[in-house]
Each structure stands twice: as structure tokens, then as C-alpha cells.
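Structure file work.txt (compact mmCIF, C-alpha atoms) follows.
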# COMPACT_ATOMS: atom_id res chain seq x y z
CA MET A 23 16.22 -7.56 -13.59
CA SER A 24 17.32 -9.97 -16.23
CA GLY A 25 20.45 -8.02 -17.11
CA GLY A 26 23.92 -9.50 -16.95
CA MET A 27 26.60 -8.60 -14.49
CA ASP A 28 28.44 -5.36 -15.04
CA GLU A 29 32.05 -6.33 -14.62
CA ARG A 30 33.13 -2.86 -13.64
CA SER A 31 30.88 -2.49 -10.63
CA GLY A 32 29.84 -6.02 -9.82
CA THR A 33 26.19 -5.00 -9.84
CA THR A 34 23.40 -5.95 -12.19
CA ALA A 35 23.18 -3.69 -15.24
CA VAL A 36 20.08 -2.94 -17.27
CA ASP A 37 19.87 -4.86 -20.49
CA GLY A 38 19.04 -4.44 -24.10
CA GLU A 39 19.76 -0.79 -24.75
CA GLU A 40 22.81 1.01 -25.98
CA ASP A 41 23.23 3.18 -22.90
CA ASP A 42 23.53 0.14 -20.62
CA LEU A 43 26.93 1.02 -19.31
CA LEU A 44 25.98 4.57 -18.43
CA LEU A 45 22.68 3.83 -16.75
CA GLN A 46 22.47 1.55 -13.78
CA LEU A 47 19.25 0.43 -12.15
CA ARG A 48 19.87 -0.36 -8.52
CA ARG A 49 18.41 0.08 -5.05
CA LEU A 50 18.35 3.53 -3.51
CA GLU A 51 21.46 4.23 -1.46
CA ILE A 52 21.85 6.71 1.35
CA SER A 53 24.29 8.73 -0.76
CA ASP A 54 21.59 9.34 -3.39
CA ASN A 55 20.27 12.37 -1.56
CA ALA A 56 23.27 14.23 -2.98
CA LYS A 57 22.49 12.93 -6.47
CA GLY A 58 19.14 14.65 -6.80
CA PHE A 59 16.78 11.88 -5.65
CA VAL A 60 14.34 14.11 -3.77
CA GLU A 61 14.53 16.80 -6.45
CA LEU A 62 13.54 14.15 -8.99
CA LEU A 63 10.51 13.22 -6.87
CA SER A 64 9.48 16.87 -6.94
CA GLN A 65 8.71 16.39 -10.65
CA LEU A 66 5.95 14.03 -9.50
CA SER A 67 4.18 16.29 -7.04
CA THR A 68 4.18 20.00 -6.48
CA ALA A 69 3.65 19.28 -2.80
CA THR A 70 7.08 17.79 -2.33
CA ALA A 71 9.14 19.75 0.14
CA PRO A 72 12.92 19.46 0.38
CA LEU A 73 14.17 17.05 3.02
CA SER A 74 17.05 17.84 5.32
CA ASP A 75 19.86 15.34 5.24
CA ALA A 76 18.89 14.20 8.73
CA ASP A 77 15.25 13.68 7.67
CA PHE A 78 16.39 11.83 4.57
CA ARG A 79 18.56 9.53 6.65
CA ALA A 80 15.77 8.91 9.15
CA ARG A 81 13.28 7.98 6.44
CA PHE A 82 15.91 5.84 4.71
CA ALA A 83 16.41 3.93 7.97
CA ASP A 84 12.63 3.49 8.45
CA LEU A 85 12.38 1.87 5.04
CA ALA A 86 15.57 -0.16 5.27
CA ALA A 87 14.10 -1.78 8.38
CA LEU A 88 11.40 -3.30 6.15
CA GLY A 89 14.02 -5.29 4.25
CA ASP A 90 12.77 -6.76 0.98
CA ASP A 91 9.20 -5.73 1.82
CA HIS A 92 10.05 -2.23 0.61
CA LEU A 93 12.29 -1.41 -2.33
CA ILE A 94 13.12 1.84 -4.04
CA VAL A 95 14.87 1.48 -7.38
CA VAL A 96 16.81 4.31 -8.95
CA ALA A 97 18.42 4.75 -12.34
CA GLU A 98 21.66 6.62 -12.03
CA ASP A 99 23.21 8.41 -14.96
CA ARG A 100 26.77 7.53 -14.06
CA GLN A 101 28.38 10.16 -16.25
CA ALA A 102 26.42 12.95 -14.62
CA GLY A 103 26.22 11.31 -11.20
CA ARG A 104 22.50 12.07 -11.10
CA ILE A 105 19.39 10.00 -10.37
CA VAL A 106 17.20 10.20 -13.47
CA ALA A 107 14.41 7.72 -12.70
CA THR A 108 12.92 6.03 -9.68
CA GLY A 109 9.99 4.02 -8.39
CA SER A 110 9.10 2.08 -5.26
CA VAL A 111 7.23 -1.06 -4.32
CA PHE A 112 6.08 -2.20 -0.94
CA ILE A 113 4.79 -5.63 -0.21
CA GLU A 114 1.59 -6.04 1.72
CA ARG A 115 1.00 -9.30 3.54
CA LYS A 116 -2.64 -10.33 3.64
CA PHE A 117 -4.84 -12.90 5.29
CA LEU A 118 -6.70 -13.13 1.98
CA HIS A 119 -5.63 -15.54 -0.74
CA GLY A 120 -4.32 -18.08 1.74
CA GLY A 121 -2.01 -15.51 3.29
CA GLY A 122 -1.05 -13.93 -0.03
CA LYS A 123 1.13 -10.94 -0.77
CA VAL A 124 0.41 -7.93 -2.96
CA GLY A 125 3.00 -5.50 -4.32
CA HIS A 126 2.06 -1.82 -4.35
CA ILE A 127 4.00 0.29 -6.83
CA GLU A 128 4.31 3.97 -5.92
CA ASP A 129 6.10 7.12 -6.99
CA VAL A 130 7.38 6.18 -10.43
CA VAL A 131 9.04 9.16 -12.08
CA VAL A 132 11.48 9.72 -14.92
CA ASP A 133 13.46 12.96 -15.22
CA ALA A 134 11.85 15.16 -17.87
CA ALA A 135 15.29 15.46 -19.50
CA ALA A 136 15.75 11.65 -19.67
CA ARG A 137 12.57 10.57 -21.44
CA ARG A 138 12.43 8.35 -24.57
CA ARG A 139 14.89 5.83 -23.17
CA ARG A 140 12.23 3.43 -21.85
CA LEU A 141 13.42 4.20 -18.35
CA GLY A 142 9.84 4.20 -17.04
CA GLN A 143 9.21 0.71 -18.39
CA ARG A 144 12.51 -0.51 -17.00
CA VAL A 145 11.71 0.87 -13.54
CA VAL A 146 8.26 -0.73 -13.55
CA ARG A 147 9.68 -4.04 -14.75
CA TYR A 148 12.33 -3.98 -12.03
CA LEU A 149 9.68 -3.35 -9.35
CA SER A 150 7.29 -5.95 -10.78
CA ASN A 151 10.06 -8.54 -10.92
CA HIS A 152 10.92 -7.83 -7.30
CA ALA A 153 7.28 -8.29 -6.25
CA LYS A 154 7.01 -11.53 -8.22
CA ALA A 155 10.24 -12.88 -6.74
CA ALA A 156 8.94 -11.97 -3.26
CA GLY A 157 5.92 -14.21 -3.84
CA CYS A 158 3.24 -11.62 -4.64
CA TYR A 159 0.28 -12.85 -6.66
CA LYS A 160 -0.12 -9.39 -8.22
CA VAL A 161 1.22 -5.86 -8.25
CA ILE A 162 -1.10 -2.87 -8.33
CA LEU A 163 -0.74 0.86 -8.70
CA ASP A 164 -2.85 3.98 -9.01
CA CYS A 165 -2.38 6.45 -11.84
CA THR A 166 -4.14 9.13 -13.80
CA PRO A 167 -6.03 7.92 -16.88
CA ASP A 168 -3.46 9.50 -19.24
CA LEU A 169 -0.93 6.90 -18.02
CA ARG A 170 -3.23 3.94 -18.77
CA SER A 171 -1.57 3.15 -22.11
CA PHE A 172 1.92 3.36 -20.61
CA TYR A 173 1.05 0.82 -17.92
CA GLU A 174 -0.74 -1.38 -20.46
CA LYS A 175 2.60 -1.56 -22.30
CA CYS A 176 4.07 -2.75 -19.00
CA GLY A 177 1.47 -5.56 -18.89
CA PHE A 178 -1.02 -3.97 -16.51
CA THR A 179 -4.79 -3.92 -16.92
CA GLU A 180 -7.21 -1.32 -15.62
CA LYS A 181 -9.17 -2.78 -12.71
CA THR A 182 -10.93 -0.40 -10.33
CA ILE A 183 -11.02 3.21 -9.15
CA GLN A 184 -9.01 4.94 -6.47
CA MET A 185 -10.73 7.00 -3.77
CA ALA A 186 -8.89 9.39 -1.44
CA LEU A 187 -9.59 11.27 1.76
CA TYR A 188 -7.27 14.19 2.53
CA PHE A 189 -6.71 15.36 6.09
CA MET B 12 -12.86 6.08 17.45
CA SER B 13 -14.72 8.81 19.22
CA GLY B 14 -16.72 6.40 21.38
CA GLY B 15 -16.59 6.43 25.16
CA MET B 16 -15.05 3.81 27.34
CA ASP B 17 -16.95 0.62 27.81
CA GLU B 18 -16.86 0.06 31.55
CA ARG B 19 -17.35 -3.67 31.24
CA SER B 20 -14.32 -4.38 29.12
CA GLY B 21 -12.18 -1.31 29.54
CA THR B 22 -11.92 -0.97 25.76
CA THR B 23 -13.28 1.69 23.46
CA ALA B 24 -16.84 1.02 22.36
CA VAL B 25 -18.46 2.18 19.14
CA ASP B 26 -20.73 5.16 19.55
CA GLY B 27 -24.07 6.49 18.50
CA GLU B 28 -26.08 3.39 17.75
CA GLU B 29 -28.33 1.25 19.86
CA ASP B 30 -26.29 -1.91 19.48
CA ASP B 31 -23.19 -0.26 20.95
CA LEU B 32 -22.86 -2.66 23.82
CA LEU B 33 -23.11 -5.73 21.63
CA LEU B 34 -20.72 -4.61 18.92
CA GLN B 35 -17.17 -3.73 19.69
CA LEU B 36 -14.70 -2.31 17.20
CA ARG B 37 -11.19 -3.25 18.19
CA ARG B 38 -7.91 -4.47 16.79
CA LEU B 39 -7.66 -8.00 15.46
CA GLU B 40 -6.56 -10.46 18.11
CA ILE B 41 -4.90 -13.79 17.60
CA SER B 42 -7.98 -15.55 19.01
CA ASP B 43 -10.14 -14.12 16.22
CA ASN B 44 -9.26 -16.96 13.88
CA ALA B 45 -11.74 -19.05 15.89
CA LYS B 46 -14.36 -16.31 15.55
CA GLY B 47 -14.68 -16.49 11.80
CA PHE B 48 -12.24 -13.76 10.73
CA VAL B 49 -10.85 -15.55 7.67
CA GLU B 50 -14.30 -16.88 6.74
CA LEU B 51 -15.55 -13.30 6.76
CA LEU B 52 -12.73 -12.28 4.38
CA SER B 53 -13.86 -15.01 2.03
CA GLN B 54 -16.99 -12.92 1.39
CA LEU B 55 -14.64 -10.39 -0.22
CA SER B 56 -12.83 -12.67 -2.63
CA THR B 57 -13.60 -16.05 -4.04
CA ALA B 58 -9.86 -16.70 -4.14
CA THR B 59 -9.52 -16.78 -0.37
CA ALA B 60 -8.27 -20.11 0.81
CA PRO B 61 -8.61 -21.28 4.40
CA LEU B 62 -5.58 -20.67 6.58
CA SER B 63 -4.24 -23.22 9.00
CA ASP B 64 -3.95 -22.01 12.56
CA ALA B 65 -0.16 -22.05 12.20
CA ASP B 66 -0.32 -19.94 9.03
CA PHE B 67 -2.75 -17.55 10.69
CA ARG B 68 -0.41 -17.13 13.64
CA ALA B 69 2.61 -16.60 11.38
CA ARG B 70 0.86 -13.89 9.36
CA PHE B 71 -0.46 -12.31 12.56
CA ALA B 72 3.13 -12.11 13.86
CA ASP B 73 4.38 -10.61 10.55
CA LEU B 74 1.83 -7.83 10.84
CA ALA B 75 2.19 -7.27 14.58
CA ALA B 76 5.88 -6.58 13.95
CA LEU B 77 4.83 -3.49 11.97
CA GLY B 78 3.30 -1.95 15.10
CA ASP B 79 1.00 0.99 14.41
CA ASP B 80 2.05 1.01 10.74
CA HIS B 81 -0.42 -1.80 10.16
CA LEU B 82 -3.81 -2.14 11.80
CA ILE B 83 -6.66 -4.55 11.27
CA VAL B 84 -9.91 -3.55 12.92
CA VAL B 85 -12.68 -6.04 13.57
CA ALA B 86 -16.24 -5.64 14.78
CA GLU B 87 -17.16 -8.49 17.05
CA ASP B 88 -20.74 -9.43 17.71
CA ARG B 89 -20.23 -10.22 21.36
CA GLN B 90 -23.45 -12.17 21.75
CA ALA B 91 -22.55 -14.52 18.93
CA GLY B 92 -18.79 -14.37 19.48
CA ARG B 93 -18.31 -13.78 15.77
CA ILE B 94 -16.40 -11.24 13.71
CA VAL B 95 -18.96 -9.46 11.52
CA ALA B 96 -16.90 -6.69 9.92
CA THR B 97 -13.27 -5.89 9.30
CA GLY B 98 -10.87 -3.66 7.43
CA SER B 99 -7.17 -2.90 7.44
CA VAL B 100 -4.89 0.07 6.95
CA PHE B 101 -1.18 0.15 6.43
CA ILE B 102 0.91 3.23 6.59
CA GLU B 103 3.39 3.93 3.84
CA ARG B 104 6.31 6.24 4.61
CA LYS B 105 7.38 8.33 1.65
CA PHE B 106 10.18 10.67 0.67
CA LEU B 107 7.53 12.77 -1.06
CA HIS B 108 5.67 15.51 0.79
CA GLY B 109 8.59 16.28 3.05
CA GLY B 110 8.74 12.69 4.26
CA GLY B 111 4.96 12.28 4.42
CA LYS B 112 2.87 9.25 5.24
CA VAL B 113 -0.07 7.78 3.35
CA GLY B 114 -2.61 5.33 4.75
CA HIS B 115 -3.73 2.52 2.47
CA ILE B 116 -7.09 0.99 3.36
CA GLU B 117 -7.57 -2.60 2.26
CA ASP B 118 -9.96 -5.50 2.67
CA VAL B 119 -13.05 -3.82 4.11
CA VAL B 120 -15.88 -6.30 4.44
CA VAL B 121 -19.13 -6.53 6.39
CA ASP B 122 -20.86 -9.85 6.96
CA ALA B 123 -23.78 -10.17 4.54
CA ALA B 124 -26.00 -10.97 7.55
CA ALA B 125 -24.92 -7.83 9.43
CA ARG B 126 -25.63 -5.12 6.85
CA ARG B 127 -27.73 -1.97 7.45
CA ARG B 128 -26.00 -1.18 10.74
CA ARG B 129 -23.48 1.27 9.28
CA LEU B 130 -20.74 -1.13 10.19
CA GLY B 131 -18.89 -0.41 6.94
CA GLN B 132 -18.82 3.31 7.65
CA ARG B 133 -17.70 2.68 11.21
CA VAL B 134 -14.85 0.43 10.05
CA VAL B 135 -13.70 3.00 7.47
CA ARG B 136 -13.91 5.81 10.02
CA TYR B 137 -11.88 3.80 12.52
CA LEU B 138 -9.16 3.14 9.93
CA SER B 139 -9.15 6.75 8.68
CA ASN B 140 -8.88 8.06 12.23
CA HIS B 141 -5.95 5.76 12.86
CA ALA B 142 -4.16 7.00 9.73
CA LYS B 143 -4.82 10.61 10.65
CA ALA B 144 -3.54 10.10 14.20
CA ALA B 145 -0.42 8.43 12.77
CA GLY B 146 0.35 11.60 10.83
CA CYS B 147 -0.82 10.61 7.34
CA TYR B 148 -1.75 13.46 5.02
CA LYS B 149 -4.31 11.24 3.25
CA VAL B 150 -5.80 7.77 3.13
CA ILE B 151 -6.50 6.04 -0.15
CA LEU B 152 -8.21 2.85 -1.27
CA ASP B 153 -9.18 1.04 -4.44
CA CYS B 154 -12.74 -0.14 -5.04
CA THR B 155 -15.15 -1.09 -7.76
CA PRO B 156 -17.26 1.80 -9.13
CA ASP B 157 -20.41 0.48 -7.44
CA LEU B 158 -18.84 1.35 -4.09
CA ARG B 159 -18.10 4.96 -5.08
CA SER B 160 -21.20 6.36 -3.34
CA PHE B 161 -20.51 4.40 -0.17
CA TYR B 162 -17.00 5.84 0.08
CA GLU B 163 -18.26 9.30 -0.78
CA LYS B 164 -20.49 9.03 2.29
CA CYS B 165 -17.29 8.28 4.22
CA GLY B 166 -15.78 11.54 2.92
CA PHE B 167 -13.70 10.11 0.09
CA THR B 168 -13.42 11.53 -3.43
CA GLU B 169 -12.69 9.63 -6.63
CA LYS B 170 -9.16 10.43 -7.78
CA THR B 171 -7.48 8.07 -10.24
CA ILE B 172 -7.62 4.57 -11.69
CA GLN B 173 -6.10 1.36 -10.43
CA MET B 174 -4.02 -0.84 -12.71
CA ALA B 175 -3.02 -4.41 -11.87
CA LEU B 176 -0.60 -7.01 -13.15
CA TYR B 177 -1.29 -10.62 -12.12
CA PHE B 178 1.50 -13.18 -11.94

In C-alpha cells, write the structure found in this file.
Amino acid sequence: MSGGMDERSGTTAVDGEEDDLLLQLRRLEISDNAKGFVELLSQLSTATAPLSDADFRARFADLAALGDDHLIVVAEDRQAGRIVATGSVFIERKFLHGGGKVGHIEDVVVDAAARRRRLGQRVVRYLSNHAKAAGCYKVILDCTPDLRSFYEKCGFTEKTIQMALYF
Amino acid sequence: MSGGMDERSGTTAVDGEEDDLLLQLRRLEISDNAKGFVELLSQLSTATAPLSDADFRARFADLAALGDDHLIVVAEDRQAGRIVATGSVFIERKFLHGGGKVGHIEDVVVDAAARRRRLGQRVVRYLSNHAKAAGCYKVILDCTPDLRSFYEKCGFTEKTIQMALYF
């Protein structure tokens, strides 16, 4: 993020919009399970089951062990104490491209009640910036065709197709 | 892999084709750099630069640290001592789907001189089986549309589009 420091919290605030001080983009924290993080994900997929606090903590620890190779960003509405947007990126290390790295963006979602604040673009920019800073030569993601124009606004270009095999 | 044990090497052999004893699907080993592994990848992308042995070893160690969450399979032509096919899968742990896992297949390539032996299908099956055994609910991959029918033969279905942002 290119935002300035928020003097109140000491963390980096989002920039350029009037609700800066009320919305903070930051890494997922273990306390975010109580702020509706998994419920927010359920807006992305009907198949999302609730997670027990123990399961949430276990998965959080799995991902924390990956360090900067896996990042989940959340936007917290600080007045409401709720997570209103999120997205993740994991960094794949390849033998291709002289040992290059690729960022994979996954699970971008904005609360239906928090649209029209460019939160989606800010989440994608945060994740893309992280991948770039980590040395990736590109970031990629899969989406339905109706999201093509949104990701084009974020600087992405349509490249290939995604195939899936369900077990 | 569903193949039986190869009594000569004690490793799992590929099954169902007459060249079983000469072609072995197995995990990438650090000695495979001398067997043309990176050269084979260069058939996949013109942007693939050679890797020094030190860089190969460093990347190998990065990936080995991920344990079963990252697997590179290679098919070695044991007569020639060359790697003739490869593919990788990494396992992403999500908060979605009740803490589900997704396998991401990447960098599948068969040596142009070793086509027509179903090596591609065998590589994809090996990777898919690994993801399934690891508890993934699906495996996904991105490919150009001309490979759609190949992946359909492997059981995959076209789902979405891939978008990319290059740095």
C-alpha cells in the first residue's frame, strides 16, 4: 500500500478516499474470526461451512508458517468492528523463469453492504503490491467472465482458461 | 499412482503401458538438474533462463520445505537417463469450504520427442491423485484453449477465465 501512516494505530492506512480513517487494510489477525471474516467468505461460495474457533486457529497457524509467501488482507470497518472485504495471495516459487515467482490471488470478496467504495480494487492492489514487492514477475487469478471488466480496471488482462476437476 | 511396485528399484512404476519398465514417474530429485529437468521446462516457456546448480539447489530446498504441500513429478527415461515429462502441484489451504484445500497444477510439459505415450495424462493423473490423497476437494489449472480437450480427457471441466498482471 502506498498510504501514509495512521498516527492513531501506527499501521498503514488506505489512501485517497474520505473514509480512510474508518477503514483499515491490514493483514488478517487471529482475532478476526470474531469480526465476521469467515461469514464474509460465505458471500463468495455457498459451500463455505462455518469454522470452529479451534479450526480457524489451526488454519491460521498453517498459513502464518508460510510467512510472506501467503498473505490475507482484510478491510476492517473500525466503527462497526467488522471485516468488510478480504482477499489472499500466495506466492509460488518456480524453476521456470530462472527460478521466478508467481503470485496467485484467491478469494477476493467485498461485503454486499460495503460496495461502491472501491474496496475490491484496493484489496487487489494491496495483494498485487505484495506480490511485486516479493519479487513475483506476475500475479494471476481465476474469475468468472462477468468480473473481467473489474479486473481490467485493476490492470489485469485476460490470458487463458481455467479447468477444474472435483473430487 | 495405481501402478505396482517395481522390484528392481523399490519405487512405484507407471502402469498399463509397454514401456513401464523404462519410464518411471517419481518425485523430482536434486540430481535431476543433470538429467535435463530445467531444459525440459524451457519447452514450456521461452522466458525460461538456465539455472545455476546453486540456484537449482536453493529452489529445490525452498520447495522441499513445503513437504507434501508441493510436489513435482518427473518421468525419467531410464535408458537415456533423461527427464522427459514433468508437472507440479501445490496445495493451497483455505478458510473457505470449512477449511478446505485446493490443488493447483502448474508447469505440465512432455518432451517433444516423447509424445504419443500418454505421458501427459499420466503426469496429470499422478498430480491429481496426490491432491486427492492430501484431502483437496478439487484441483485446478490454467491452460490455453487448445489444451481444453486434453484436460477434458483427464477428467477436467472448463470453469472460468484466467487474468494476469505482469510487473

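With only C-alpha atoms as the basis for measurement, B:Asp122 is the residue among B:Gly146, B:Asp122, B:Tyr137, B:Gly114 that approaches B:Ser53 most closely.
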
Go through chain A residue by residue and, counting only C-alpha atoms, keep those with an atom at most 8 Å from chain B; for each kept residue give the shortest atom pair and its distance in Å to one decimal, ordered by chain and increasing number, as CSV.
residue,atom,partner,partner_atom,distance
A:Val60,CA,B:Phe106,CA,7.0
A:Leu63,CA,B:Leu107,CA,6.5
A:Ser64,CA,B:Leu107,CA,7.4
A:Ser67,CA,B:Leu107,CA,7.7
A:Ala69,CA,B:His108,CA,5.6
A:Thr70,CA,B:His108,CA,4.1
A:Ala71,CA,B:Gly109,CA,4.6
A:Pro72,CA,B:Gly109,CA,6.0
A:Leu73,CA,B:Gly109,CA,5.6
A:Asp77,CA,B:Gly110,CA,7.4
A:Phe78,CA,B:Phe106,CA,7.4
A:Arg81,CA,B:Gly110,CA,6.9
A:Asp84,CA,B:Arg104,CA,7.9
A:Leu85,CA,B:Arg104,CA,7.5
A:Arg115,CA,B:Arg70,CA,7.4
A:Lys116,CA,B:Arg70,CA,7.6
A:Phe117,CA,B:Val49,CA,7.0
A:Leu118,CA,B:Thr59,CA,5.2
A:His119,CA,B:Thr59,CA,4.1
A:Gly120,CA,B:Ala60,CA,4.5
A:Gly121,CA,B:Arg70,CA,6.9
A:Lys154,CA,B:Phe178,CA,6.8
A:Cys158,CA,B:Phe178,CA,7.7
A:Tyr159,CA,B:Phe178,CA,5.4
A:Lys160,CA,B:Tyr177,CA,4.3
A:Val161,CA,B:Leu176,CA,5.4
A:Ile162,CA,B:Ala175,CA,4.3
A:Leu163,CA,B:Met174,CA,5.5
A:Asp164,CA,B:Gln173,CA,4.4
A:Cys165,CA,B:Ile172,CA,5.6
A:Thr166,CA,B:Thr171,CA,5.0
A:Pro167,CA,B:Ile172,CA,6.4
A:Arg170,CA,B:Met174,CA,7.8
A:Tyr173,CA,B:Met174,CA,7.5
A:Gly177,CA,B:Leu176,CA,6.3
A:Phe178,CA,B:Leu176,CA,4.6
A:Thr179,CA,B:Met174,CA,5.3
A:Glu180,CA,B:Met174,CA,4.3
A:Lys181,CA,B:Met174,CA,5.5
A:Thr182,CA,B:Thr155,CA,5.0
A:Ile183,CA,B:Ile172,CA,4.5
A:Gln184,CA,B:Asp153,CA,4.4
A:Met185,CA,B:Glu169,CA,4.4
A:Ala186,CA,B:Ile151,CA,4.3
A:Leu187,CA,B:Phe167,CA,4.6
A:Tyr188,CA,B:Lys149,CA,4.2
A:Phe189,CA,B:Tyr148,CA,5.4

* Write out as a VMD selection string which residues come within 9 Å of B:Gly92 when counting only C-alpha atoms, dropping same-chain ones fewer than 3 positions away. => chain B and resid 46 to 47 87 to 89

* Asked: Any idea what's packed within 10 Å of A:Ala136, counting all atoms listed in the file, ignoring anything in its chain fewer than 3 positions away? Could you give it as a ChimeraX atom specification?
  -> /A:99,106-107,132-133,139-142

* Asked: Suppose you want the space between atom CA of A:Ala135 and atom CA of A:Gln101; what is it in Å?
  -> 14.5 Å

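Going from atom CA of A:Val111 to atom CA of A:Ala56 covers 22.2 Å.
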
* Find the residues near A:Arg49: any atom within 7 Å, counting only C-alpha atoms, skip ones fewer than 4 places away on the same chain, and give them as a ChimeraX atom specification. => /A:93-96

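Minimum distance to A:Val145 across A:Ser53, A:Val130, A:Phe172, A:Gln65 (counting all atoms listed in the file) occurs at A:Val130.
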
* To do: Mind giving me the straight-line distance from atom CA of B:His141 to atom CA of B:Leu36 in Å, one decimal?
  => 12.7 Å

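Of the listed residues (B:Leu51, B:Gly98, B:Asp43, B:Ala91), B:Gly98 comes nearest to B:Arg136; the distances count all atoms listed in the file.
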
Save stretch 141-150 of chain A from what I just supplied, as a compact mmCIF listing (two decimals), in the first residue's frame, atoms limited to all heavy atoms.
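decode-v2.txt, freshly written:
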# COMPACT_ATOMS: atom_id res chain seq x y z
N LEU A 141 -13.47 -0.82 -2.57
CA LEU A 141 -12.77 -1.73 -1.67
C LEU A 141 -12.15 -2.90 -2.44
O LEU A 141 -11.05 -3.34 -2.13
CB LEU A 141 -13.73 -2.27 -0.61
CG LEU A 141 -13.85 -1.41 0.64
CD1 LEU A 141 -14.93 -1.97 1.56
CD2 LEU A 141 -12.50 -1.39 1.35
N GLY A 142 -12.87 -3.40 -3.45
CA GLY A 142 -12.35 -4.51 -4.24
C GLY A 142 -11.04 -4.14 -4.91
O GLY A 142 -10.05 -4.87 -4.83
N GLN A 143 -11.03 -2.96 -5.54
CA GLN A 143 -9.79 -2.51 -6.19
C GLN A 143 -8.66 -2.32 -5.19
O GLN A 143 -7.51 -2.62 -5.48
CB GLN A 143 -10.04 -1.19 -6.93
CG GLN A 143 -10.77 -1.35 -8.26
CD GLN A 143 -10.81 -0.05 -9.05
OE1 GLN A 143 -9.79 0.59 -9.26
NE2 GLN A 143 -12.00 0.34 -9.48
N ARG A 144 -9.02 -1.81 -4.01
CA ARG A 144 -7.97 -1.58 -3.01
C ARG A 144 -7.40 -2.91 -2.48
O ARG A 144 -6.19 -3.01 -2.25
CB ARG A 144 -8.55 -0.72 -1.87
CG ARG A 144 -8.78 0.72 -2.35
CD ARG A 144 -9.92 1.40 -1.62
NE ARG A 144 -9.54 1.80 -0.28
CZ ARG A 144 -10.39 2.41 0.56
NH1 ARG A 144 -11.63 2.67 0.19
NH2 ARG A 144 -9.98 2.76 1.75
N VAL A 145 -8.26 -3.88 -2.33
CA VAL A 145 -7.78 -5.22 -1.91
C VAL A 145 -6.86 -5.81 -2.97
O VAL A 145 -5.77 -6.30 -2.67
CB VAL A 145 -8.99 -6.15 -1.64
CG1 VAL A 145 -8.56 -7.61 -1.62
CG2 VAL A 145 -9.67 -5.76 -0.32
N VAL A 146 -7.28 -5.73 -4.23
CA VAL A 146 -6.48 -6.32 -5.31
C VAL A 146 -5.14 -5.58 -5.45
O VAL A 146 -4.09 -6.20 -5.64
CB VAL A 146 -7.27 -6.31 -6.64
CG1 VAL A 146 -6.39 -6.71 -7.81
CG2 VAL A 146 -8.48 -7.24 -6.53
N ARG A 147 -5.18 -4.27 -5.28
CA ARG A 147 -3.94 -3.50 -5.36
C ARG A 147 -2.99 -3.86 -4.22
O ARG A 147 -1.78 -4.00 -4.41
CB ARG A 147 -4.27 -2.00 -5.31
CG ARG A 147 -3.10 -1.08 -5.61
CD ARG A 147 -3.55 0.38 -5.65
NE ARG A 147 -4.21 0.75 -4.40
CZ ARG A 147 -4.98 1.84 -4.27
NH1 ARG A 147 -5.20 2.62 -5.29
NH2 ARG A 147 -5.52 2.13 -3.10
N TYR A 148 -3.54 -4.03 -3.05
CA TYR A 148 -2.73 -4.41 -1.88
C TYR A 148 -2.04 -5.76 -2.14
O TYR A 148 -0.83 -5.91 -1.90
CB TYR A 148 -3.65 -4.50 -0.66
CG TYR A 148 -2.97 -4.66 0.68
CD1 TYR A 148 -2.93 -3.61 1.59
CD2 TYR A 148 -2.42 -5.88 1.08
CE1 TYR A 148 -2.34 -3.75 2.84
CE2 TYR A 148 -1.82 -6.03 2.32
CZ TYR A 148 -1.77 -4.95 3.19
OH TYR A 148 -1.19 -5.11 4.43
N LEU A 149 -2.81 -6.71 -2.65
CA LEU A 149 -2.26 -8.05 -2.90
C LEU A 149 -1.24 -8.02 -4.03
O LEU A 149 -0.18 -8.68 -3.95
CB LEU A 149 -3.40 -9.02 -3.25
CG LEU A 149 -4.45 -9.22 -2.14
CD1 LEU A 149 -5.64 -10.01 -2.69
CD2 LEU A 149 -3.84 -9.92 -0.93
N SER A 150 -1.54 -7.26 -5.09
CA SER A 150 -0.61 -7.16 -6.21
C SER A 150 0.69 -6.50 -5.78
O SER A 150 1.79 -6.93 -6.16
CB SER A 150 -1.24 -6.35 -7.35
OG SER A 150 -2.43 -6.96 -7.82
